[in-house]
>>> print(open('protein.cif').read())   # mmCIF, C-alpha atoms
data_work
loop_
_atom_site.label_atom_id
_atom_site.label_comp_id
_atom_site.auth_asym_id
_atom_site.auth_seq_id
_atom_site.Cartn_x
_atom_site.Cartn_y
_atom_site.Cartn_z
CA MET A 1 -23.46 11.28 11.81
CA ARG A 2 -24.91 14.02 9.70
CA ALA A 3 -25.76 13.36 6.08
CA TYR A 4 -24.62 15.57 3.22
CA ARG A 5 -27.12 17.69 1.32
CA ARG A 6 -27.79 16.59 -2.24
CA VAL A 7 -25.92 18.57 -4.90
CA PRO A 8 -28.29 21.01 -6.64
CA PRO A 9 -28.89 20.36 -10.33
CA GLY A 10 -26.66 22.30 -12.73
CA VAL A 11 -23.50 22.17 -10.62
CA HIS A 12 -21.77 19.07 -11.96
CA PRO A 13 -21.75 18.91 -15.74
CA PRO A 14 -23.77 16.30 -17.67
CA GLU A 15 -22.59 14.37 -20.71
CA ASP A 16 -21.80 16.93 -23.38
CA PRO A 17 -21.47 16.00 -27.08
CA ALA A 18 -19.43 19.18 -27.63
CA TYR A 19 -16.71 17.44 -25.60
CA ARG A 20 -16.58 14.43 -27.87
CA SER A 21 -14.89 11.97 -25.52
CA THR A 22 -17.90 12.09 -23.19
CA VAL A 23 -20.21 10.52 -25.78
CA LEU A 24 -19.24 6.91 -25.10
CA ARG A 25 -18.13 7.44 -21.52
CA HIS A 26 -21.10 8.89 -19.67
CA PRO A 27 -23.80 6.46 -18.52
CA LEU A 28 -27.13 6.64 -20.37
CA GLU A 29 -29.23 4.97 -17.68
CA PRO A 30 -30.47 7.29 -14.94
CA LEU A 31 -28.49 7.28 -11.70
CA ILE A 32 -30.20 5.31 -8.94
CA GLU A 33 -30.82 7.37 -5.82
CA ILE A 34 -29.70 5.68 -2.61
CA PRO A 35 -29.54 6.84 0.99
CA GLN A 36 -26.22 7.91 2.44
CA THR A 37 -24.70 5.25 4.66
CA ILE A 38 -21.59 5.09 6.79
CA SER A 39 -19.75 3.96 3.64
CA GLU A 40 -20.32 7.27 1.87
CA ILE A 41 -20.20 9.63 4.86
CA THR A 42 -16.78 8.38 5.91
CA GLY A 43 -14.07 8.59 3.30
CA PRO A 44 -10.43 8.27 2.42
CA SER A 45 -7.69 10.38 3.80
CA TYR A 46 -4.31 10.27 2.21
CA PRO A 47 -1.44 9.39 4.61
CA TYR A 48 -0.45 12.87 5.68
CA GLU A 49 3.22 12.26 6.31
CA VAL A 50 3.89 12.03 2.59
CA VAL A 51 3.28 15.75 2.11
CA GLY A 52 6.82 17.12 1.97
CA PRO A 53 8.02 20.68 2.64
CA VAL A 54 8.39 21.74 -1.04
CA ASP A 55 5.45 19.75 -2.33
CA ASN A 56 3.36 22.92 -2.59
CA ASP A 57 6.11 24.86 -4.38
CA LEU A 58 6.37 23.61 -7.96
CA THR A 59 9.22 26.05 -8.64
CA ARG A 60 11.56 24.41 -6.10
CA GLN A 61 11.29 20.72 -6.94
CA HIS A 62 14.39 20.62 -9.18
CA THR A 63 17.91 22.03 -9.19
CA GLY A 64 16.98 24.98 -11.38
CA ALA A 65 13.99 27.28 -11.62
CA PRO A 66 11.33 26.44 -14.20
CA ILE A 67 10.77 28.74 -17.18
CA GLY A 68 7.64 30.85 -17.01
CA GLU A 69 5.71 33.40 -15.07
CA ARG A 70 5.86 32.57 -11.36
CA ILE A 71 2.48 32.80 -9.63
CA ILE A 72 0.93 32.18 -6.24
CA VAL A 73 -2.39 30.33 -6.06
CA GLU A 74 -4.06 30.57 -2.69
CA GLY A 75 -7.52 30.03 -1.32
CA ARG A 76 -9.65 28.13 1.11
CA VAL A 77 -11.48 24.85 1.02
CA LEU A 78 -14.97 25.37 2.46
CA ASP A 79 -18.19 23.46 2.60
CA ASP A 80 -21.31 25.06 1.20
CA ASN A 81 -22.35 26.18 4.68
CA GLY A 82 -19.25 28.42 4.49
CA ARG A 83 -17.40 26.33 7.07
CA PRO A 84 -13.62 26.00 6.45
CA LEU A 85 -12.38 22.44 6.01
CA PRO A 86 -9.02 21.84 7.70
CA HIS A 87 -6.67 18.93 6.86
CA ALA A 88 -8.07 18.48 3.36
CA LEU A 89 -5.57 17.08 0.87
CA VAL A 90 -5.34 19.43 -2.13
CA GLU A 91 -3.32 18.20 -5.09
CA ILE A 92 -2.65 19.89 -8.42
CA TRP A 93 -1.25 18.95 -11.80
CA GLN A 94 -0.68 21.18 -14.79
CA ALA A 95 1.11 21.90 -18.06
CA ASN A 96 4.36 23.86 -18.10
CA ALA A 97 4.65 27.47 -19.30
CA CYS A 98 4.74 26.27 -22.92
CA GLY A 99 1.57 24.22 -22.59
CA ARG A 100 3.18 20.78 -22.32
CA TYR A 101 2.58 18.14 -19.64
CA ALA A 102 5.45 15.99 -18.39
CA HIS A 103 3.46 12.95 -19.51
CA GLU A 104 4.34 10.51 -22.31
CA VAL A 105 0.83 10.76 -23.80
CA ASP A 106 1.29 14.50 -24.43
CA THR A 107 2.76 14.88 -27.92
CA HIS A 108 2.20 18.63 -28.32
CA ASP A 109 5.14 20.20 -30.14
CA ALA A 110 6.26 22.40 -27.26
CA PRO A 111 9.34 21.92 -25.11
CA LEU A 112 9.41 20.01 -21.86
CA ASP A 113 11.02 21.85 -18.96
CA PRO A 114 13.53 19.70 -17.04
CA ASN A 115 12.91 21.90 -14.00
CA PHE A 116 9.14 21.44 -13.93
CA SER A 117 7.22 18.28 -13.08
CA GLY A 118 3.88 20.04 -12.83
CA THR A 119 2.50 18.35 -9.69
CA GLY A 120 1.99 19.57 -6.15
CA ARG A 121 0.21 18.67 -2.94
CA THR A 122 -0.61 20.28 0.35
CA LEU A 123 -2.96 20.03 3.31
CA THR A 124 -5.30 22.84 4.28
CA ASP A 125 -4.53 24.54 7.59
CA GLU A 126 -6.91 25.09 10.52
CA GLU A 127 -8.72 27.84 8.59
CA GLY A 128 -9.06 25.68 5.49
CA ARG A 129 -6.33 27.59 3.63
CA TYR A 130 -4.06 26.15 0.94
CA ARG A 131 -1.25 27.80 -1.00
CA PHE A 132 0.80 26.83 -4.04
CA VAL A 133 3.69 28.54 -5.77
CA THR A 134 3.89 27.50 -9.40
CA ILE A 135 4.24 28.94 -12.90
CA LYS A 136 1.35 30.02 -15.07
CA PRO A 137 0.39 27.09 -17.31
CA GLY A 138 0.44 27.69 -21.07
CA HIS A 139 -2.38 27.17 -23.53
CA TYR A 140 -2.25 24.01 -25.61
CA PRO A 141 -4.14 22.49 -28.53
CA TRP A 142 -6.22 19.35 -28.27
CA GLY A 143 -7.95 17.11 -30.78
CA ASN A 144 -11.58 17.71 -29.87
CA HIS A 145 -12.42 19.84 -32.94
CA TYR A 146 -10.72 22.03 -35.55
CA ASN A 147 -8.39 24.59 -33.94
CA ALA A 148 -9.33 23.54 -30.41
CA TRP A 149 -7.21 25.08 -27.62
CA ARG A 150 -7.64 24.68 -23.89
CA PRO A 151 -7.87 27.83 -21.77
CA ALA A 152 -5.07 27.99 -19.20
CA HIS A 153 -5.99 25.81 -16.23
CA ILE A 154 -4.66 23.94 -13.25
CA HIS A 155 -6.17 20.55 -12.40
CA PHE A 156 -7.23 20.24 -8.75
CA SER A 157 -7.93 17.07 -6.77
CA VAL A 158 -9.47 17.54 -3.33
CA LEU A 159 -10.07 14.90 -0.67
CA GLY A 160 -12.42 16.45 1.85
CA PRO A 161 -13.84 14.89 5.01
CA GLY A 162 -15.83 12.13 3.31
CA PHE A 163 -16.26 10.01 0.20
CA LEU A 164 -19.09 12.32 -0.87
CA THR A 165 -16.89 15.42 -0.81
CA ARG A 166 -14.38 14.03 -3.32
CA LEU A 167 -13.83 16.60 -6.06
CA VAL A 168 -11.68 16.68 -9.19
CA THR A 169 -11.93 19.93 -11.10
CA GLN A 170 -9.97 22.63 -12.93
CA MET A 171 -9.11 26.18 -11.93
CA TYR A 172 -9.14 28.78 -14.69
CA PHE A 173 -7.62 32.28 -14.91
CA PRO A 174 -9.54 35.53 -15.24
CA GLY A 175 -9.94 37.11 -18.68
CA ASP A 176 -8.77 34.14 -20.75
CA PRO A 177 -10.14 34.60 -24.32
CA LEU A 178 -10.28 30.84 -24.86
CA GLN A 179 -12.86 30.26 -22.14
CA PRO A 180 -15.95 31.02 -24.28
CA LEU A 181 -14.71 28.51 -26.88
CA ASP A 182 -13.89 25.61 -24.57
CA PRO A 183 -16.39 22.72 -24.35
CA ILE A 184 -14.99 21.47 -21.04
CA PHE A 185 -15.33 24.86 -19.31
CA ASN A 186 -18.77 25.38 -20.89
CA SER A 187 -20.00 21.92 -19.92
CA VAL A 188 -21.16 23.76 -16.81
CA ARG A 189 -24.10 25.51 -18.42
CA GLU A 190 -25.04 28.25 -15.95
CA PRO A 191 -22.68 31.23 -16.26
CA GLU A 192 -22.86 31.98 -12.53
CA ILE A 193 -21.95 28.42 -11.63
CA ARG A 194 -19.26 28.25 -14.35
CA GLN A 195 -17.65 31.37 -12.95
CA ARG A 196 -16.96 29.52 -9.68
CA MET A 197 -14.10 27.78 -11.52
CA VAL A 198 -12.36 31.07 -12.39
CA SER A 199 -9.76 32.44 -9.98
CA SER A 200 -9.38 36.17 -9.25
CA PHE A 201 -6.25 38.24 -9.57
CA ASP A 202 -5.44 39.54 -6.08
CA ILE A 203 -3.02 42.44 -5.61
CA ASP A 204 -2.86 41.74 -1.87
CA LEU A 205 -1.68 38.22 -2.53
CA THR A 206 0.82 39.49 -5.08
CA ILE A 207 4.40 39.76 -3.76
CA PRO A 208 6.29 42.85 -5.00
CA ASP A 209 9.14 42.11 -7.43
CA TRP A 210 8.36 38.39 -7.25
CA ALA A 211 5.01 36.91 -8.28
CA LEU A 212 1.35 37.65 -9.11
CA GLY A 213 -1.27 36.20 -6.79
CA PHE A 214 -4.48 34.42 -7.80
CA ARG A 215 -7.15 33.59 -5.27
CA TRP A 216 -9.51 30.67 -5.61
CA ASP A 217 -11.82 29.12 -3.03
CA ILE A 218 -13.03 25.55 -3.45
CA VAL A 219 -16.49 24.72 -2.10
CA LEU A 220 -17.42 21.12 -1.30
CA ARG A 221 -20.76 19.61 -0.31
CA GLY A 222 -21.97 20.58 3.15
CA ARG A 223 -24.06 18.74 5.69
CA ASP A 224 -27.71 18.79 6.51
CA ALA A 225 -28.63 20.78 9.60
CA THR A 226 -30.28 17.82 11.28
CA PRO A 227 -28.43 14.68 12.28
CA ALA A 228 -29.45 11.51 10.50
CA LEU A 229 -29.03 8.05 11.89
CA VAL A 230 -26.78 6.27 9.44
CA MET B 1 -24.53 29.57 1.47
CA ALA B 2 -21.52 29.34 -0.82
CA GLY B 3 -22.01 27.63 -4.19
CA ILE B 4 -20.44 24.21 -4.69
CA THR B 5 -17.49 24.16 -7.09
CA PRO B 6 -18.38 22.21 -10.25
CA SER B 7 -16.57 19.05 -11.26
CA GLN B 8 -14.40 18.92 -14.39
CA THR B 9 -12.75 16.05 -16.19
CA ALA B 10 -9.46 14.70 -14.85
CA GLY B 11 -8.29 14.72 -18.49
CA PRO B 12 -5.63 12.37 -19.87
CA TYR B 13 -2.66 13.51 -17.77
CA PHE B 14 -3.58 12.74 -14.15
CA GLY B 15 -0.92 10.01 -14.22
CA ILE B 16 1.70 12.66 -13.40
CA LEU B 17 -0.14 13.34 -10.15
CA LEU B 18 -0.31 9.67 -9.13
CA ARG B 19 3.38 9.25 -9.98
CA GLY B 20 4.23 11.84 -7.35
CA ARG B 21 2.31 10.02 -4.62
CA ALA B 22 3.55 7.08 -2.64
CA GLU B 23 2.55 3.73 -4.13
CA CYS B 24 -1.01 2.64 -3.46
CA ARG B 25 -0.43 -0.35 -1.19
CA GLN B 26 -3.42 -1.29 0.94
CA VAL B 27 -2.31 -4.54 2.55
CA THR B 28 0.77 -5.19 4.68
CA ASP B 29 1.77 -8.24 6.72
CA ALA B 30 0.07 -6.65 9.72
CA THR B 31 -3.32 -6.17 8.04
CA HIS B 32 -6.10 -8.37 9.40
CA GLY B 33 -8.47 -10.19 7.07
CA ALA B 34 -8.75 -12.40 4.05
CA ARG B 35 -6.52 -11.25 1.19
CA ILE B 36 -8.39 -10.73 -2.06
CA SER B 37 -7.77 -9.27 -5.48
CA ILE B 38 -10.35 -7.37 -7.48
CA GLU B 39 -9.60 -6.85 -11.12
CA GLY B 40 -11.48 -5.89 -14.21
CA ARG B 41 -11.72 -3.52 -17.12
CA VAL B 42 -13.33 -0.14 -17.55
CA LEU B 43 -15.22 -0.18 -20.85
CA ASP B 44 -16.84 2.53 -22.96
CA GLY B 45 -20.13 2.36 -24.86
CA ALA B 46 -18.43 0.69 -27.84
CA GLY B 47 -16.96 -2.04 -25.65
CA ASN B 48 -13.44 -0.65 -25.81
CA GLY B 49 -11.20 -0.41 -22.77
CA ILE B 50 -10.75 3.07 -21.31
CA SER B 51 -7.00 3.53 -20.87
CA ASP B 52 -7.21 6.81 -18.98
CA ALA B 53 -9.72 6.25 -16.20
CA LEU B 54 -8.98 6.91 -12.54
CA ILE B 55 -10.61 4.36 -10.23
CA GLU B 56 -10.75 5.03 -6.49
CA THR B 57 -12.01 2.62 -3.85
CA TRP B 58 -13.06 3.05 -0.23
CA GLN B 59 -13.88 0.18 2.08
CA ALA B 60 -14.17 -1.00 5.64
CA ASP B 61 -11.59 -3.26 7.27
CA ALA B 62 -12.14 -6.96 7.89
CA GLY B 63 -14.07 -6.17 11.08
CA GLY B 64 -16.41 -3.76 9.30
CA ARG B 65 -14.80 -0.58 10.67
CA TYR B 66 -13.84 2.48 8.64
CA CYS B 67 -10.52 4.21 9.24
CA HIS B 68 -12.25 7.56 9.74
CA PRO B 69 -13.00 9.79 12.75
CA GLU B 70 -16.75 9.57 12.15
CA ASP B 71 -16.79 5.80 12.61
CA CYS B 72 -17.08 6.04 16.40
CA ARG B 73 -18.22 2.50 17.18
CA PRO B 74 -16.45 0.87 20.13
CA GLN B 75 -14.15 -1.56 18.34
CA PRO B 76 -11.41 0.50 16.66
CA ALA B 77 -10.42 0.14 13.01
CA ASP B 78 -7.43 -2.00 12.03
CA PRO B 79 -4.44 0.37 12.31
CA ALA B 80 -2.78 -1.54 9.46
CA PHE B 81 -5.56 -0.86 6.97
CA ASN B 82 -6.39 2.54 5.53
CA GLY B 83 -9.22 1.53 3.16
CA PHE B 84 -8.31 3.84 0.27
CA GLY B 85 -7.25 2.49 -3.09
CA TRP B 86 -6.60 4.17 -6.40
CA ALA B 87 -5.54 3.00 -9.84
CA HIS B 88 -4.88 4.42 -13.28
CA THR B 89 -6.30 1.99 -15.84
CA ARG B 90 -3.86 0.23 -18.14
CA GLU B 91 -3.75 0.49 -21.93
CA ASP B 92 -6.52 -2.14 -22.22
CA GLY B 93 -8.70 -0.44 -19.60
CA GLY B 94 -7.66 -2.95 -16.95
CA TYR B 95 -7.20 -2.31 -13.26
CA ARG B 96 -6.34 -4.45 -10.24
CA PHE B 97 -6.59 -3.93 -6.48
CA GLU B 98 -4.96 -6.09 -3.83
CA THR B 99 -6.95 -5.65 -0.66
CA ILE B 100 -8.86 -7.54 2.02
CA LYS B 101 -12.46 -8.64 2.08
CA PRO B 102 -14.37 -5.87 3.86
CA GLY B 103 -16.54 -6.71 6.86
CA ARG B 104 -20.20 -5.80 7.18
CA VAL B 105 -21.18 -2.26 8.16
CA PRO B 106 -24.49 -0.93 9.45
CA ALA B 107 -27.29 0.27 7.20
CA PRO B 108 -29.51 3.29 7.96
CA ASP B 109 -32.43 0.99 8.85
CA GLY B 110 -30.44 -0.71 11.62
CA SER B 111 -29.69 -3.84 9.64
CA ASN B 112 -26.27 -4.66 8.21
CA GLN B 113 -25.09 -4.06 4.68
CA ALA B 114 -23.49 -6.88 2.73
CA PRO B 115 -19.70 -6.54 2.33
CA HIS B 116 -18.98 -3.95 -0.34
CA VAL B 117 -16.46 -1.46 -1.67
CA VAL B 118 -17.56 2.00 -2.79
CA VAL B 119 -16.01 3.16 -6.05
CA SER B 120 -15.43 6.45 -7.87
CA VAL B 121 -14.86 6.51 -11.63
CA MET B 122 -13.16 9.56 -13.12
CA GLY B 123 -10.90 10.24 -16.10
CA ARG B 124 -10.67 11.67 -19.59
CA GLY B 125 -14.07 12.16 -21.19
CA ILE B 126 -15.77 11.92 -17.80
CA LEU B 127 -16.93 15.33 -16.59
CA THR B 128 -18.41 14.23 -13.29
CA ARG B 129 -17.32 11.54 -10.89
CA PHE B 130 -19.53 8.46 -11.12
CA ILE B 131 -20.15 6.39 -8.01
CA THR B 132 -20.79 2.67 -7.90
CA ARG B 133 -20.32 -0.26 -5.49
CA ILE B 134 -18.61 -3.63 -5.69
CA TYR B 135 -20.39 -6.53 -3.96
CA PHE B 136 -19.08 -10.10 -3.87
CA GLU B 137 -20.72 -13.07 -5.56
CA ASP B 138 -20.09 -15.47 -2.68
CA GLU B 139 -21.81 -13.38 0.02
CA PRO B 140 -25.23 -14.70 1.06
CA ALA B 141 -25.90 -11.29 2.69
CA ASN B 142 -26.35 -9.75 -0.77
CA THR B 143 -29.92 -11.05 -0.75
CA ASP B 144 -30.92 -8.73 2.09
CA ASP B 145 -28.68 -5.75 1.32
CA PRO B 146 -30.79 -2.57 1.53
CA ILE B 147 -28.85 -0.74 -1.20
CA LEU B 148 -28.90 -3.66 -3.66
CA GLY B 149 -32.60 -3.88 -2.92
CA LEU B 150 -33.09 -0.43 -4.50
CA VAL B 151 -31.59 -1.62 -7.79
CA PRO B 152 -33.88 -3.23 -10.38
CA THR B 153 -33.30 -7.00 -10.29
CA VAL B 154 -32.18 -7.17 -13.92
CA ARG B 155 -29.34 -4.70 -13.33
CA ARG B 156 -28.26 -5.92 -9.90
CA ASP B 157 -25.59 -8.28 -11.18
CA THR B 158 -23.65 -5.33 -12.66
CA LEU B 159 -22.71 -4.56 -9.04
CA ILE B 160 -21.55 -8.06 -8.12
CA ALA B 161 -17.95 -9.13 -8.62
CA ARG B 162 -17.60 -12.66 -9.97
CA ARG B 163 -15.48 -15.06 -7.95
CA VAL B 164 -13.04 -16.66 -10.41
CA ALA B 165 -10.81 -18.41 -7.86
CA ASP B 166 -10.39 -18.46 -4.11
CA GLY B 167 -9.91 -14.82 -3.14
CA HIS B 168 -9.97 -13.55 -6.71
CA TYR B 169 -12.81 -11.46 -8.07
CA VAL B 170 -13.56 -9.87 -11.44
CA PHE B 171 -15.53 -6.66 -11.72
CA ASP B 172 -15.88 -4.80 -15.02
CA ILE B 173 -17.08 -1.22 -15.03
CA VAL B 174 -19.21 -0.60 -18.12
CA MET B 175 -19.90 3.09 -18.67
CA GLN B 176 -22.60 2.52 -21.31
CA GLY B 177 -24.49 -0.16 -23.17
CA PRO B 178 -26.67 -3.18 -22.49
CA ARG B 179 -24.55 -4.23 -19.51
CA GLU B 180 -24.10 -0.66 -18.21
CA THR B 181 -22.96 -0.65 -14.60
CA VAL B 182 -25.37 0.86 -12.10
CA PHE B 183 -24.21 4.28 -10.91
CA PHE B 184 -25.65 6.00 -7.87
CA ASP B 185 -26.97 9.40 -6.91
CA VAL B 186 -25.99 9.66 -3.25
#
>>> encode(input="protein.cif", output="structure tokens")
Amino acid sequence: MRAYRRVPPGVHPPEDPAYRSTVLRHPLEPLIEIPQTISEITGPSYPYEVVGPVDNDLTRQHTGAPIGERIIVEGRVLDDNGRPLPHALVEIWQANACGRYAHEVDTHDAPLDPNFSGTGRTLTDEEGRYRFVTIKPGHYPWGNHYNAWRPAHIHFSVLGPGFLTRLVTQMYFPGDPLQPLDPIFNSVREPEIRQRMVSSFDIDLTIPDWALGFRWDIVLRGRDATPALV
Amino acid sequence: MAGITPSQTAGPYFGILLRGRAECRQVTDATHGARISIEGRVLDGAGNGISDALIETWQADAGGRYCHPEDCRPQPADPAFNGFGWAHTREDGGYRFETIKPGRVPAPDGSNQAPHVVVSVMGRGILTRFITRIYFEDEPANTDDPILGLVPTVRRDTLIARRVADGHYVFDIVMQGPRETVFFDV
């Protein structure tokens, strides 16, 4: 078994008082460093048979088409050695075109769309590729501070090859004016690292007369070059 | 080398994702091992329950095998046990898993680890996944566990689930405060 390299500092965001809910929810004691064992190098895989044929097309999960701008989101799941990761479960959840989630906790005064549940799942192919068809999520306000609005984003959940590659993150869209104002986006302090969360518009992925394409690669922890006995 | 994608909070609405999955059911009639329940609350620094945390668990089967291609030891894993659990906390921050007592698995130094479950904590107000472990109060092997041995003695009991009845354990996850759970850098 080969161990995973440690994540460099600055990648995963620390507690950030600008995002108020973190203040009582991030540990204050330092993390305790432990060696990787078989428990962390192995990891969960979701039962694959539950991924259905339209699970990666959020525009075809109901009798009618959802309101909004149809888009394609495609990319690869890689490790940080650049190696594609096949059979990774990629799941998404998002607001509808008006900026409302189909969740009872969301009380934003924007309409629900009976033709949009806002969740999808797929497995990466042999080259690590995933693809979703969805609608562009709307902006929505939140209670963090006066006049706080989230930049448009899609939540991503990725189960890679091991427990240590688990990643929950958000994909953003290029050129969104709310990004510089958003404490969650800016919790990643280094601009270069932050930019990894922003997808690119891709004309080659765009389908004429049908939908714009956005490309976004997801990079998970990679392994050490030398095998470790664990 | 490509740069690792940063983590972001799961936010308050990940429940819609879990709703779309099949139910999290770890144990069936065919699963080998002693049935147990692990329940507890996820608490913030003010002692209040966190109602929008996502808890994930990963564990070995009763024989100490992981359902994973990299566990290549001769005895195969129990085909009726997947080892993956997940739960959205309730309004009061509570969670509950019905599972089996995991067997012992090897440690890097060639010894065996005490039975344990590895845990991820995510959710609203949590920007990065936090990793901890659940050990069991009634396991004598805890004394020699090489991972527990790296934890200062005074904080070790934050990783040990209390046995409240036969097969029933309680494990609270305290994000902050005097009884803050130990979280790991792995």
>>> residues_around(input="protein.cif", residues="region 15-23 of chain B", least_positions_apart="6", cutoff="8 Å", atoms="all atoms listed in the file", output="list in words")
Val50, Glu91, Ile92, Trp93, Ala102, His103, Ser117, Gly118, Thr119 and Gly120 of chain A; His88 of chain B
>>> closest_residue(input="protein.cif", among="B:Gly94, B:Pro178, B:Gly3, B:Gly63", to="chain A", atoms="all atoms listed in the file")
B:Gly3
>>> interface_residues(input="protein.cif", of="chain B", to="chain A", cutoff="7 Å", atoms="all atoms listed in the file", output="mmCIF file with C-alpha atoms, in the coordinates of the input")
data_model
loop_
_atom_site.group_PDB
_atom_site.id
_atom_site.type_symbol
_atom_site.label_atom_id
_atom_site.label_comp_id
_atom_site.auth_asym_id
_atom_site.auth_seq_id
_atom_site.Cartn_x
_atom_site.Cartn_y
_atom_site.Cartn_z
ATOM 1 C CA MET B 1 -24.530 29.570 1.470
ATOM 2 C CA ALA B 2 -21.520 29.340 -0.820
ATOM 3 C CA GLY B 3 -22.010 27.630 -4.190
ATOM 4 C CA ILE B 4 -20.440 24.210 -4.690
ATOM 5 C CA THR B 5 -17.490 24.160 -7.090
ATOM 6 C CA PRO B 6 -18.380 22.210 -10.250
ATOM 7 C CA SER B 7 -16.570 19.050 -11.260
ATOM 8 C CA GLN B 8 -14.400 18.920 -14.390
ATOM 9 C CA THR B 9 -12.750 16.050 -16.190
ATOM 10 C CA ALA B 10 -9.460 14.700 -14.850
ATOM 11 C CA TYR B 13 -2.660 13.510 -17.770
ATOM 12 C CA ILE B 16 1.700 12.660 -13.400
ATOM 13 C CA LEU B 17 -0.140 13.340 -10.150
ATOM 14 C CA ASP B 44 -16.840 2.530 -22.960
ATOM 15 C CA GLY B 45 -20.130 2.360 -24.860
ATOM 16 C CA ALA B 46 -18.430 0.690 -27.840
ATOM 17 C CA TRP B 58 -13.060 3.050 -0.230
ATOM 18 C CA HIS B 68 -12.250 7.560 9.740
ATOM 19 C CA GLU B 70 -16.750 9.570 12.150
ATOM 20 C CA GLY B 83 -9.220 1.530 3.160
ATOM 21 C CA PHE B 84 -8.310 3.840 0.270
ATOM 22 C CA ALA B 107 -27.290 0.270 7.200
ATOM 23 C CA PRO B 108 -29.510 3.290 7.960
ATOM 24 C CA GLY B 125 -14.070 12.160 -21.190
ATOM 25 C CA ILE B 126 -15.770 11.920 -17.800
ATOM 26 C CA LEU B 127 -16.930 15.330 -16.590
ATOM 27 C CA THR B 128 -18.410 14.230 -13.290
ATOM 28 C CA ILE B 147 -28.850 -0.740 -1.200
ATOM 29 C CA MET B 175 -19.900 3.090 -18.670
ATOM 30 C CA GLN B 176 -22.600 2.520 -21.310
ATOM 31 C CA PHE B 183 -24.210 4.280 -10.910
ATOM 32 C CA PHE B 184 -25.650 6.000 -7.870
ATOM 33 C CA ASP B 185 -26.970 9.400 -6.910
ATOM 34 C CA VAL B 186 -25.990 9.660 -3.250
#
>>> atom_distance(input="protein.cif", atom1="CA of Gly103 (chain B)", atom2="CA of Thr143 (chain B)")
16.0 Å
>>> resolve_selection(input="protein.cif", expression="the PyMOL selection byres ((chain A and resi 99) around 6)", output="list of chain:residue names")
A:Ala95, A:Asn96, A:Ala97, A:Cys98, A:Arg100, A:Gly138, A:His139, A:Tyr140
>>> resolve_selection(input="protein.cif", expression="the PyMOL selection byres ((chain B and resi 138) around 10)", output="list of chain:residue names")
B:Tyr135, B:Phe136, B:Glu137, B:Glu139, B:Pro140, B:Ala141, B:Asn142, B:Ile160, B:Ala161, B:Arg162, B:Arg163, B:Tyr169
>>> write_last_selection(input="protein.cif", atoms="C-alpha atoms", output="PDB file, in the frame of the given file")
ATOM      1  CA  TYR B 135     -20.390  -6.530  -3.960  1.00  0.00           C
ATOM      2  CA  PHE B 136     -19.080 -10.100  -3.870  1.00  0.00           C
ATOM      3  CA  GLU B 137     -20.720 -13.070  -5.560  1.00  0.00           C
ATOM      4  CA  GLU B 139     -21.810 -13.380   0.020  1.00  0.00           C
ATOM      5  CA  PRO B 140     -25.230 -14.700   1.060  1.00  0.00           C
ATOM      6  CA  ALA B 141     -25.900 -11.290   2.690  1.00  0.00           C
ATOM      7  CA  ASN B 142     -26.350  -9.750  -0.770  1.00  0.00           C
ATOM      8  CA  ILE B 160     -21.550  -8.060  -8.120  1.00  0.00           C
ATOM      9  CA  ALA B 161     -17.950  -9.130  -8.620  1.00  0.00           C
ATOM     10  CA  ARG B 162     -17.600 -12.660  -9.970  1.00  0.00           C
ATOM     11  CA  ARG B 163     -15.480 -15.060  -7.950  1.00  0.00           C
ATOM     12  CA  TYR B 169     -12.810 -11.460  -8.070  1.00  0.00           C
TER      13      TYR B 169
END
>>> closest_residue(input="protein.cif", among="B:Glu56, B:Asp61, B:Asp109, B:Asp145", to="Phe97 (chain B)", atoms="all atoms listed in the file")
B:Glu56
>>> atom_distance(input="protein.cif", atom1="CA of Val198 (chain A)", atom2="CA of Tyr172 (chain A)")
4.6 Å
>>> residues_around(input="protein.cif", residues="Gly68 (chain A)", least_positions_apart="2", cutoff="7 Å", atoms="only C-alpha atoms", output="JSON list (two decimals) with C-alpha atoms, in the coordinates of the input")
[["chain", "number", "residue", "atom", "x", "y", "z"],
["A", 66, "PRO", "CA", 11.33, 26.44, -14.20],
["A", 70, "ARG", "CA", 5.86, 32.57, -11.36],
["A", 97, "ALA", "CA", 4.65, 27.47, -19.30],
["A", 135, "ILE", "CA", 4.24, 28.94, -12.90],
["A", 136, "LYS", "CA", 1.35, 30.02, -15.07]]
>>> atom_distance(input="protein.cif", atom1="CA of Arg90 (chain B)", atom2="CA of Asp52 (chain B)")
7.4 Å
>>> resolve_selection(input="protein.cif", expression="the PyMOL selection byres ((chain B and resi 132) around 7)", output="PyMOL selection string")
chain B and resi 118-120+130-131+133+182-184
>>> residues_around(input="protein.cif", residues="Tyr130 (chain A)", least_positions_apart="3", cutoff="6 Å", atoms="only C-alpha atoms", output="JSON, numbers by chain")
{"A": [74, 75, 76, 124]}
>>> closest_residue(input="protein.cif", among="A:Thr165, A:Pro137, A:Pro151, A:Phe132", to="Trp216 (chain A)", atoms="all atoms listed in the file")
A:Phe132
>>> residues_near_point(input="protein.cif", point="(-3.8, -2.9, 3.9)", cutoff="9 Å", atoms="only C-alpha atoms", output="short mmCIF file (atom, residue, chain, number, x, y, z; two decimals) with C-alpha atoms, in the coordinates of the input")
data_model
loop_
_atom_site.label_atom_id
_atom_site.label_comp_id
_atom_site.auth_asym_id
_atom_site.auth_seq_id
_atom_site.Cartn_x
_atom_site.Cartn_y
_atom_site.Cartn_z
CA ARG B 25 -0.43 -0.35 -1.19
CA GLN B 26 -3.42 -1.29 0.94
CA VAL B 27 -2.31 -4.54 2.55
CA THR B 28 0.77 -5.19 4.68
CA ASP B 29 1.77 -8.24 6.72
CA ALA B 30 0.07 -6.65 9.72
CA THR B 31 -3.32 -6.17 8.04
CA HIS B 32 -6.10 -8.37 9.40
CA ASP B 61 -11.59 -3.26 7.27
CA ASP B 78 -7.43 -2.00 12.03
CA ALA B 80 -2.78 -1.54 9.46
CA PHE B 81 -5.56 -0.86 6.97
CA ASN B 82 -6.39 2.54 5.53
CA GLY B 83 -9.22 1.53 3.16
CA PHE B 84 -8.31 3.84 0.27
CA GLU B 98 -4.96 -6.09 -3.83
CA THR B 99 -6.95 -5.65 -0.66
CA ILE B 100 -8.86 -7.54 2.02
#
